[in-house]
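I have placed the structure first, in the form of structure tokens, so that the comments after it can refer back to it.
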Amino acid sequence: MNSPSLAACLIFSACLFCTGLAGVLLRRNLILILAGIELMLNAANINFVAFWRHHPASDDVAGPVMVLFALAIAAAEAAVGLALVISIFRHYKSTNPETMEDKSS
Amino acid sequence: MIGKGILKGMMETARNLTGSFHDPERLTTVSYPEEKIPAKENARNFPFLVYDGDDWESGLRCVSCQICEKECPPQCIYIEKDTQKKADFLGKLQFQPKVFDIDVSVCMGCQICVEVCPFESIRMDRDFEYAKSDRFEGLLLHKEQLAKSNKYYHQIHPTEATETDAIREGKRQDHLAKERAKAEKLAQAKEAASKSQSKEPNKE
Amino acid sequence: MTTVFCITALTTLASAVAAMSLRNLVHCVLCLTVSFIGMAMVYLQLSSQFVGFAQVMVYVGAVAILMIFALLMTRGGQELFMREWRPMHWLVGGLVSLALLAVLVGSILQSPVIQNTGPVDKVERVKDLGQSLVYEYLLPLEALALLLTVALIGAALIALPPKQYPIKPQPRENS
Amino acid sequence: MNSAQATPSSDKAQAGPMFESKTSDQAPSLDGTERMEVSMGPHHPSTHGVFRMDVELEGETVVKLKPVFGYLHRNHEKIAEGTSYLGSMPYTDRLDYFNSMTNNWAYALSVEKLAGIEVPERAEYIRVITAELSRLQNHVCLIGFLVQDMGALGTPLMYAFRERERILDLFESLTGARMMCNYMRFGGCRCDVTPAWLRQAHQVTEAFPRFLDEFEALLSENEVLLSRSQGVGALGQDLAIAAGVTGPMLRATGVNYDLRKADAYGIYNRFNFRVPLGSHGDVFDRYMIRILEMRESIAILRQAIRDIPDGDYVHPKAKLRGFKPPMGEAYGRIEAPKGELGFYLISDGSPKPYRFKVRPPSFINLTILEDMCLGQTVADAVIILGSVDIVLGEVDR
Amino acid sequence: MWFEDLLIQIKSVLVLNAPEGLRPILSAMLSATPILSAFGGLFAAVTLLERKMLGRIQNRYGPNRVGPFGIFQPVADGIKMLTKEDIVPKTADHSIHFLAPLLLLLTAMLGLSVIPYGEKLVAIRFEAGIVFFFAVGGAAELAVFMAGWASRNKYALLGSLRAIAQMVSYEIPLILSSVCVLMAAGTLSLDEVAKSQSGSMLSWYIMTPWGLMGCVLFLIATLAEVNRSPFDIPEAESELIAGHMTEYSGFKYAVFFLAEFVAMFAMCALTATLFLGGYHPPLPILAFIPGPFWLFAKLMVLVLLFIWIRGTMPRLRADQLMEFAWKFMLPMAVINLISTGCWIALGRGSLGWGLSALINLAAYGALSRWLSSRPNQQKRTYRFAEGPMHAA
């Protein structure tokens with residue numbers, strides 16, 4: 001299988017990263033903000049694999065292993081993050097970060 | 001041990017599964033239109049009108065007394081008396097129904113009309129395949145549809161029909177006896193009258 | 001640079017953009033899932049099977065479901081609509097991310113890395129992966145296991161409702 | 001229970017899609033989740049006829065349950081006041097259409113009380129036999145339905161119907177109808193039983209315990225059934241007595257009350273049988289009490305079929321037409337399979353009753369549905385309803 | 001062997017005669033078509049078989065109207081389903097409502113692509129085939145959610161949430177109980193797993209104590225994963241009408257139905273591959289019968305077992321289902337892993353066999369003792385009334 005070139009992968013992941021960033025900056029819902037962070041993490045993961053794929057060393061699997069670690073961490077992050085969102089929602093009756101400010105003041 | 005009860009239950013269903021292939025006790029259903037469970041003798045469904053002889057119109061036992069109409073709990077019987085009378089099995093002139101309708105969509109088959117009928121004319125049928133495409137007119141049975149022969153009655157409820165016939169025979173005997181007695185009385189009276197007067201002829 | 005990669009990448013990007021911009025939050029999460037699947041396909045094209053499947057398993061099977069549950073529990077369905085539309089906010093945010101994109105793409109295109117290496121013919125072997133996990137990266141793996149356990153318990157504790165059910169039946173008044 | 005229980009949250013959430021409803025005027029409970037109002041019925045597969053439960057759910061926990069009935073209201077009592085005493089007899093068949101025999105008996109009993117009619121001994125025996133047979137088929141079908149409500153795909157129900165069929169065949173060959181028997185008359189029964197019929201009834205009775213053993217092997221130890229029914233829908237003795245619950249439901253709570261013993265109506269004091277009692281009052285107890293009662297019914301049937309005397313099957317002076325009881329009132333009650341079934345009659349001396357009132361066991365047992373369901377899950381509410389043993393014909397009348 | 005070679009010959013002839021550009025597509029289609037058509041036919045046969053067998057269990061005949069012994073019943077059902085009006089609720093999310101059944105079917109069918117049907121008959125030979133299988137299975141949850149959410153029906157939503165909760169929690173014991181086989185076979189690839197069980201029946205993994213326990217656990221988890229009774233809580237008709245399928249009718253409903261059955265077949269095929277020797281015959285003498293036949297025979301045995309269970313069992317409650325997953329399935333699966341480890345460490349001989357059996361039996365005994373000591377698993381005794389009646 002002919003795999004995509006490194007530049008394509010990197011640009012693709014940069015685009016994904018920026019999409020995630022835009023989501024974090026623009027959306028006003030905690031869950032979507034978390035989703036944006038997940039997108040950014042994934043963009044980084046693609047870079048890991050792409051660099052591993054294009055690295056001349058043949059017997060090393062550091063890239064995929066890093067991705068696996070990142071996956072596990074992302075899963076943990078999602079679990080805790082979403083639990084926090086639920087807990088925040090119980091307290092403030094909203095998942096909009098701005099209304100939270102209003103209430104606490 | 002958890003799972004024991006479940007295994008026991010599964011053995012039970014397995015026994016029924018295999019049993020359904022060889023044990024008629026475990027496969028009680030029948031394939032209905034091709035195969036029918038033989039009807040019980042007592043089975044009842046909707047009423048019909050019994051007639052004697054071959055002609056349903058003249059042989060109809062109903063004398064239009066309207067007791068069943070009155071007693072019917074859901075009031076599904078509608079009777080209109082005919083002005084013309086006809087002779088019944090005893091030779092007595094009786095009314096006959098001009099209209100006798102039973103709305104079997106209303107009838108609940110309770111058999112009360114049968115029990116109250118003093119003329120043994122209304123009896124329970126056991127036919128149940130009444131599906132019609134027209135549920136108003138189609139299920140309103142008129143007397144020509146309701147009239148069924150005594151032979152048919154014997155076919156579906158042999159014991160009961162024999163009993164009924166015995167009752168009617170008894171009634172006929174009673175009647176004959178009464179007629180005879182009456183005739184004798186009449187004859188005696190006549191004799192007595194003719195003896196005493198012997199003038200006026202009998203108008204009959 | 002194959003057509004397959006182009007299609008995958010464009011679909012992934014499009015659904016990621018949709019996930020970040022749609023109004024209906026459930027649609028957002030579903031689009032996000034599509035982009036996760038797209039990324040898994042990119043991994044496959046980079047001949048990294050196990051990572052791709054793990055990606056689908058973790059992100060589609062777990063994270064997306066978790067998000068949906070969180071969405072429904074926070075009545076996300078009702079806060080679907082962005083109540084106020086603030087153009088300034090969007091302008092600034094959009095500009096920042098576009099600027100970052102420009103910087104990144106520029107630096108990637110200028111970087112020497114992309115010139116001197118072509119794709120190497122190699123496949124990720126599950127066996128190698130497993131062996132390197134338990135030999136080379138044993139300590140991180142253990143730490144990760146601990147982290148996951150802690151995260152699991154922590155998440156459960158945080159999300160625990162303040163009151164316990166079931167509700168006891170109330171005695172009838174005057175019975 | 002939390003504070004939100006008291007807030008009026010109902011009435012609005014019913015119509016409209018669930019996510020678009022305005023939430024601000026709906027008080028959420030403490031943890032911010034919303035209550036869901038579900039109308040189970042009248043066209044819901046679990047509700048045993050046209051019956052509706054307005055259920056309010058917190059997650060899957062029932063916090064409020066309102067039984068709504070009346071969908072099958074047929075004006076039974078008013079119709080009875082407009083027809084002759086005999087004319088109401090076929091209508092009583094249709095109250096609890098599983099047990100037309102016991103319904104007939106309860107009505108006949110109250111009319112006999114009202115008019116002071118004697119019942120010949122043979123008729124009493126026939127009544128006991130038919131009543132206990134209908135108790136058998138009622139209980140076995142109820143258990144079938146109950147397990148069906150637990151999701152058992154109808155297998156126990158089919159077995160129950162297989163056995164019920166044998167009893168219905170008996171009824172058919174005796175009375176002509178399988179369900180709407182219309183068999184009892186004031187002062188006896190409509191027709192006599194034949195020796196052949198008694199032999200057949202004996203066979204059915206003797207075969208029944210074997211079926212019960214099979215049925216219990218299928219169900220009684222099944223772990224799924226145990227965990228579904230034990231501790232579910234528990235009912236306390238005090239509440240049960242206060243609410244007027246009768247029948248197996250009351251006995252499952254441990255109250256020793258069986259009209260066959262307490263009233264000894266008919267000739268029940270001649271038979272040797274026991275009254276099983278539960279101690280938890282939950283769904284499993286109701287299930288087991290019914291199984292045990294069936295075994296006792298078989299004992300009664302054996303004695304009755306053995307001892308049935310010759311004689312009249314109906315009081316020779318009983319009138320069919322032009323029946324007019326003297327002025328007065330009477331309440332006749334029997335232990336129907338579902339509980340105490342009573343008919344209250346007032347006569348003004350005319351051929352029609354002045355007042356006709358039914359005391360249906362299912363209706364009164366149903367009134368405490370909410371008390372049993374609170375704090376349980378929706379799935380439990382379904383089987384609690386199943387364990388009450390209702391027939392909507394009787395509930396709505 | 002001859003059968004597989006024949007199939008491969010046919011395929012290579014067909015592919016090689018095609019124009020260059022079409023070859024990969026043609027090859028993929030030629031791999032997919034026999035699998036899909038075989039399972040499509042199996043679906044039709046099993047719907048009939050299930051109804052027949054359930055009927056027999058319930059002392060009925062089952063469908064017997066259409067054709068001799070009702071064998072054309074599936075055709076009639078199909079015609080009925082296809083000609084039925086497709087009703088979509090007005091407030092439903094139309095696109096998602098439409099996509100959900102298709103996605104479910106897709107996930108179910110993708111699982112079939114990694115099953116080895118014969119030594120040479122694997123549609124896609126992934127090195128991590130079983131991970132692919134479970135990853136694709138995970139997407140089914142999403143489809144169920146889409147169906148429930150897009151219907152805008154409370155019953156549907158409740159049903160789909162229950163389904164997701166159930167599938168997520170049973171995925172863990174499912175994967176853990178398959179891991180023991182992967183440990184023993186030392187590979188993630190399904191055809192390697194199947195190959196490692198070649199020989200007679202005795203070399204199947206179900207013949208070891210851990211394999212038996214793993215197989216039982218795997219089957220129970222499979223029941224939950226494909227929403228079959230007694231775990232059909234998502235569609236509990238006595239509570240939730242039809243769960244996430246409440247608002248579906250006609251063709252889409254048929255697709256749901258198909259997806260459910262295909263998922264069941266896929267899981268059964270996986271069970272057969274993992275524990276029952278896959279395409280290997282029970283005795284080496286029987287090797288002249290082609291491998292696919294054996295796989296399908298094993299699959300059918302499992303499907304019949306599922307139907308039998310369905311005819312017997314009442315349904316668990318949602319919370320009891322979770323309880324069962326976490327309190328019985330998960331500990332048992334973990335202990336089973338330990339027992340597998342012992343078996344491997346002790347050289348796969350009779351010593352390891354005995355120790356593994358011991359561990360499993362002890363664990364099962366202890367767990368079932370603990371579970372049946374709970375308040376809702378009691379054996380009760382009943383008393384009969386003595387003394388005076390309660391005053392009326």
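Every chain in the structure tokens has a letter given in the order shown (A, B, ...), and although residue numbers restart at 1 in each chain, ligands are simply numbered from 1 in the order shown.
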
Q | DSSP strand (DSSP E) residues within stretch 96-188 of chain B, as a ChimeraX atom specification | A | /B:96-103,122-124,140-141,147-149

Q: Find the residues of chain A in contact range of chain C, meaning any atom within 6 Å when counting only C-alpha atoms, and list them as an MDAnalysis selection string.
A: chainID A and resid 3:7 11 18 22:23 25:26 54 76 79:80 83 87

**Q.** Backbone-only DSSP, alpha helix (DSSP H) members of stretch 20-97 of chain A, as a ChimeraX atom specification
**A.** /A:20-26,30-54,62-92,97

**Q.** Pick from E:Asn153, E:Thr83, E:Thr33, E:Ser169, whichever lies nearest to chain C using only C-alpha atoms
**A.**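 Nearest to chain C: E:Ser169.
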
(Q) When you count only C-alpha atoms, which of these residues is closest to E:Ile96: C:Val26, C:Ser107, C:Thr8, C:Ser15? (A)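 Of C:Val26, C:Ser107, C:Thr8, C:Ser15, the one nearest E:Ile96, counting only C-alpha atoms, is C:Val26.
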
(Q) I'd like the contact shell of stretch 228-243 of chain D - 9 Å cut-off, only C-alpha atoms, skipping same-chain residues fewer than 6 positions apart - returned as a ChimeraX atom specification. (A) /C:172,175 /D:150,249-250,252-255,280-285,287,364-365,367-369,371-374,376,380-381,383-384 /E:314-317,320,375-378

Q. Within 7 Å of stretch 109-117 of chain B, counting only C-alpha atoms, which residues qualify if same-chain residues fewer than 3 places away don't, as a count of residues only?
A. 14

Could you list, as a PDB file with C-alpha atoms, in the first residue's frame, every residue of chain C that has an atom within 7 Å of an atom of chain E, counting only C-alpha atoms?
```
ATOM      1  CA  PHE C  50      -3.605  -1.947  15.876  1.00  0.00           C
ATOM      2  CA  PHE C  53      -8.596  -0.342  15.692  1.00  0.00           C
ATOM      3  CA  VAL C  56     -12.136   3.143  16.897  1.00  0.00           C
ATOM      4  CA  MET C  57     -12.607   1.091  20.012  1.00  0.00           C
ATOM      5  CA  VAL C  60     -16.211   5.471  18.979  1.00  0.00           C
ATOM      6  CA  GLY C  61     -16.983   2.754  21.467  1.00  0.00           C
ATOM      7  CA  ILE C  65     -20.838   7.215  24.011  1.00  0.00           C
TER       8      ILE C  65
END
```

Pull the closest atom pair for each residue of chain E that gets at most 9 Å from chain D, along with the distance in Å to one decimal, counting only C-alpha atoms, ordering rows by chain and then ascending residue number, as a Markdown table.
```
| residue | atom | partner | partner_atom | distance |
| --- | --- | --- | --- | --- |
| E:Leu54 | CA | D:Thr155 | CA | 8.2 |
| E:Gly55 | CA | D:Thr155 | CA | 8.9 |
| E:Ile57 | CA | D:Thr155 | CA | 7.2 |
| E:Gln58 | CA | D:Thr155 | CA | 5.2 |
| E:Asn59 | CA | D:Met158 | CA | 7.3 |
| E:Arg60 | CA | D:Met158 | CA | 8.5 |
| E:Thr91 | CA | D:Pro17 | CA | 7.1 |
| E:Arg152 | CA | D:Pro17 | CA | 6.3 |
| E:Asn153 | CA | D:Pro17 | CA | 7.5 |
| E:Lys154 | CA | D:Met18 | CA | 7.5 |
| E:Tyr155 | CA | D:Val38 | CA | 8.3 |
| E:Leu158 | CA | D:Glu60 | CA | 8.7 |
| E:Ser229 | CA | D:Gly151 | CA | 8.1 |
| E:Pro230 | CA | D:Gly151 | CA | 7.7 |
| E:Asp232 | CA | D:Gly151 | CA | 8.4 |
| E:Ile233 | CA | D:Gly151 | CA | 8.6 |
| E:Ala236 | CA | D:Gly151 | CA | 6.8 |
| E:Glu237 | CA | D:Pro45 | CA | 6.6 |
| E:Ser238 | CA | D:Ser46 | CA | 4.5 |
| E:Glu239 | CA | D:Ala379 | CA | 5.9 |
| E:Leu240 | CA | D:His44 | CA | 8.5 |
| E:Ile241 | CA | D:Pro45 | CA | 6.5 |
| E:Arg310 | CA | D:Leu153 | CA | 7.4 |
| E:Gly311 | CA | D:Thr155 | CA | 6.2 |
| E:Thr312 | CA | D:Ala152 | CA | 6.7 |
| E:Met313 | CA | D:Ala152 | CA | 5.4 |
| E:Pro314 | CA | D:Ala152 | CA | 3.9 |
| E:Arg315 | CA | D:Gly151 | CA | 4.8 |
| E:Leu316 | CA | D:Val224 | CA | 6.0 |
| E:Arg317 | CA | D:Ala379 | CA | 6.5 |
| E:Ala318 | CA | D:Ala379 | CA | 8.1 |
| E:Gln320 | CA | D:Ser227 | CA | 7.8 |
| E:Ser372 | CA | D:Glu223 | CA | 8.6 |
| E:Pro375 | CA | D:Gly231 | CA | 7.7 |
| E:Asn376 | CA | D:Gln230 | CA | 4.9 |
| E:Gln377 | CA | D:Leu226 | CA | 5.7 |
| E:Gln378 | CA | D:Leu226 | CA | 7.7 |
| E:Lys379 | CA | D:Glu221 | CA | 8.1 |
| E:Arg380 | CA | D:Asp285 | CA | 8.8 |
| E:Thr381 | CA | D:Gly278 | CA | 8.6 |
| E:Tyr382 | CA | D:Gly278 | CA | 6.0 |
| E:Arg383 | CA | D:Leu277 | CA | 5.6 |
| E:Phe384 | CA | D:Pro276 | CA | 4.3 |
| E:Ala385 | CA | D:Val275 | CA | 5.2 |
| E:Glu386 | CA | D:Asn256 | CA | 8.2 |
| E:Gly387 | CA | D:Asn256 | CA | 8.8 |
| E:Pro388 | CA | D:Asn256 | CA | 7.9 |
| E:Met389 | CA | D:Asn256 | CA | 5.4 |
| E:His390 | CA | D:Tyr257 | CA | 5.3 |
| E:Ala391 | CA | D:Tyr257 | CA | 7.8 |
| E:Ala392 | CA | D:Tyr257 | CA | 7.8 |
```

Q: Can you check which residues of chain A have any atom within 9 Å of chain D? Use only C-alpha atoms and format it as a PyMOL selection string.
A: chain A and resi 87+89-91+93
